[in-house]
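Scroll down for the structure; my scribbles are underneath it.
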Amino acid sequence: MRSLLVASCALLCAWLLPAQEASPSCRLCFNRGTQTCSKHGKLLDVESGPVARMCSVVAECKACSGALAVDCRHCANTAAEAGLADRQRLAREWLAARRKQVDAVTAREPYLHLQTPHFDLASTLKPTTVGRDKIDPHARVHLYGERLEQLHAKFLATFELTDADVPDRMLVVLSEEGKDQQLIGPRLTGLGPAAAIGLKLMGPEYVYTVYHDRRSLPDDEALHRAVVHNVAHLLLSQMRTAMWFGNRGHGWLDEGVPHWFEENVVGKCTNFCFEEILLQAPASFKGGKWRPAVRRIVDEGKATPFAEFASKNSDQLSFVEHALCFAFVDFLLQSQGGAKFRDFLRLVKKETPTRDALQQAFGYTPLTIDEAFRQWVKEHYSLLPG
């Protein structure tokens, strides 16, 4: 009986304890068949992270050819070798397609390319300083990839959306020189004039091209604001049901929402759109700090009634009305919540009249919203900047 008990205990222990793995025969790759490519330095974590799906610098790496790993020469692993070959082939085909769509237009210095979960990004931006860090062109294209994905995530979170609500990929091209933008912008968007600093294609494909004009965009922060503002336009346009409504009497939404994200992400509003394809250089209003300006306008009783500007197209809005558009969006988002605002946007995109959409989503009418707005501004906006 005792021997039977001992045997039973031994079987039970063998079942409970994990089986010991055989010692790896290859001490270099631990039987994985591959080793991490050593040519990517500090950006290896970025290249292998969740944002970077494909990178032209990685695709052109002479050691790994886009796989971020190399074959282990000290052991044989057929499956691992096949996986490396597949990754290299995909990187090669992807980069060839990017070169054909973007680089071939200028036939000059090649662009750096990055594929992220929601964006295709191309850049010839030069080295710059961000904060206290000096970054080279490769690191800079990854920085903008991360910024774009963060904006996309914030857009979804703000309006309580899912990826299915904003499903389309977007092409963003950042050029250092105006002569590249003059070629690429009209070619990729089908719009003009060629001298425009930035051009947007609002659907059914979504494209934003811009060059870093130092007169109107003096530093990286200014360029970042421009990218946030214009990409927010495109996200709003592609949000299901997809529609650009800036020329359908809803300019206050078409401009107010991008201004809200611009201020929320980068801290100021400095971008104005003219006919929705021109980034108007060197326009500004109150240095981009609009909350104190709106508070002063409200205190002085000079705020334009909502009913007077809510039916204008985007290119009909004055500087003051841009600031009021931002403030009305801010008021509705902060006081009513993103889900109600999302439902309001969906009603507007289904061509529900503004008066009916306001009533259904928020319980306001174009005549009753002004008093609630003025009271909210007095409670939440300071006359002091900051």
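Letters A, B, ... mark the chains of the structure tokens in the order given; residue numbers begin at 1 per chain; ligand numbers begin at 1, in order shown.
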
Exercise. Among stretch 31-263 of chain A, which ones does DSSP place in alpha helix (DSSP H), written as a ChimeraX atom specification?
Worked result: /A:44-47,56-59,78-98,104-106,137-158,178-189,220-238,251-263

Problem set entry | Within 8 Å of A:Glu255 using only C-alpha atoms, minus same-chain residues under 6 positions, as JSON, numbers by chain | {"A": [233, 246, 314, 322, 325, 326]}

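Here atom CA of A:Pro366 stands at a distance of 19.1 Å from atom CA of A:Ile297.
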
Problem set entry | Residues near A:Asp168, cut-off 8 Å, only C-alpha atoms, skip fewer than 2 positions along chain, as JSON, numbers by chain | {"A": [118, 166, 170, 205, 206, 238]}

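Closest to A:Leu333 among A:Gly256, A:Gly288, A:Pro385, A:Pro193 is A:Gly256, based on only C-alpha atoms.
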
Exercise. Using only C-alpha atoms, which residue out of A:Val130, A:Ala67, A:Leu253, A:Cys55 lies closest to A:Leu236?
Worked result: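 Looking at the shortest contact to A:Leu236, the residue is A:Leu253.
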
Determine, counting only C-alpha atoms, which protein, DNA and RNA residues have an atom within 6 Å of an atom of stretch 81-94 of chain A; residues of the same chain fewer than 4 positions away are not included. Present the result as an mmCIF file with all heavy atoms, in the first residue's frame.
data_model
loop_
_atom_site.group_PDB
_atom_site.id
_atom_site.type_symbol
_atom_site.label_atom_id
_atom_site.label_comp_id
_atom_site.auth_asym_id
_atom_site.auth_seq_id
_atom_site.Cartn_x
_atom_site.Cartn_y
_atom_site.Cartn_z
ATOM 1 N N ALA A 59 13.592 48.806 -44.389
ATOM 2 C CA ALA A 59 13.493 48.032 -45.625
ATOM 3 C C ALA A 59 14.787 48.085 -46.432
ATOM 4 O O ALA A 59 15.102 47.145 -47.173
ATOM 5 C CB ALA A 59 12.334 48.539 -46.472
ATOM 6 N N SER A 65 17.278 43.711 -44.486
ATOM 7 C CA SER A 65 16.355 43.961 -45.603
ATOM 8 C C SER A 65 14.905 44.092 -45.169
ATOM 9 O O SER A 65 13.987 43.650 -45.840
ATOM 10 C CB SER A 65 16.492 42.842 -46.649
ATOM 11 O OG SER A 65 17.790 42.783 -47.162
ATOM 12 N N GLY A 66 14.712 44.709 -43.998
ATOM 13 C CA GLY A 66 13.344 45.000 -43.558
ATOM 14 C C GLY A 66 12.776 44.046 -42.543
ATOM 15 O O GLY A 66 11.672 44.256 -42.048
ATOM 16 N N ALA A 67 13.500 42.988 -42.189
ATOM 17 C CA ALA A 67 12.945 41.983 -41.278
ATOM 18 C C ALA A 67 13.228 42.284 -39.811
ATOM 19 O O ALA A 67 12.617 41.672 -38.930
ATOM 20 C CB ALA A 67 13.510 40.600 -41.620
#

Exercise. Can you list, as a PyMOL selection string, every residue of stretch 49-227 of chain A that DSSP puts in strand (DSSP E or B)?
Worked result: chain A and resi 54-55+69-71+112-115+119-123+128-130+133-135+170-175+198-202+206-211
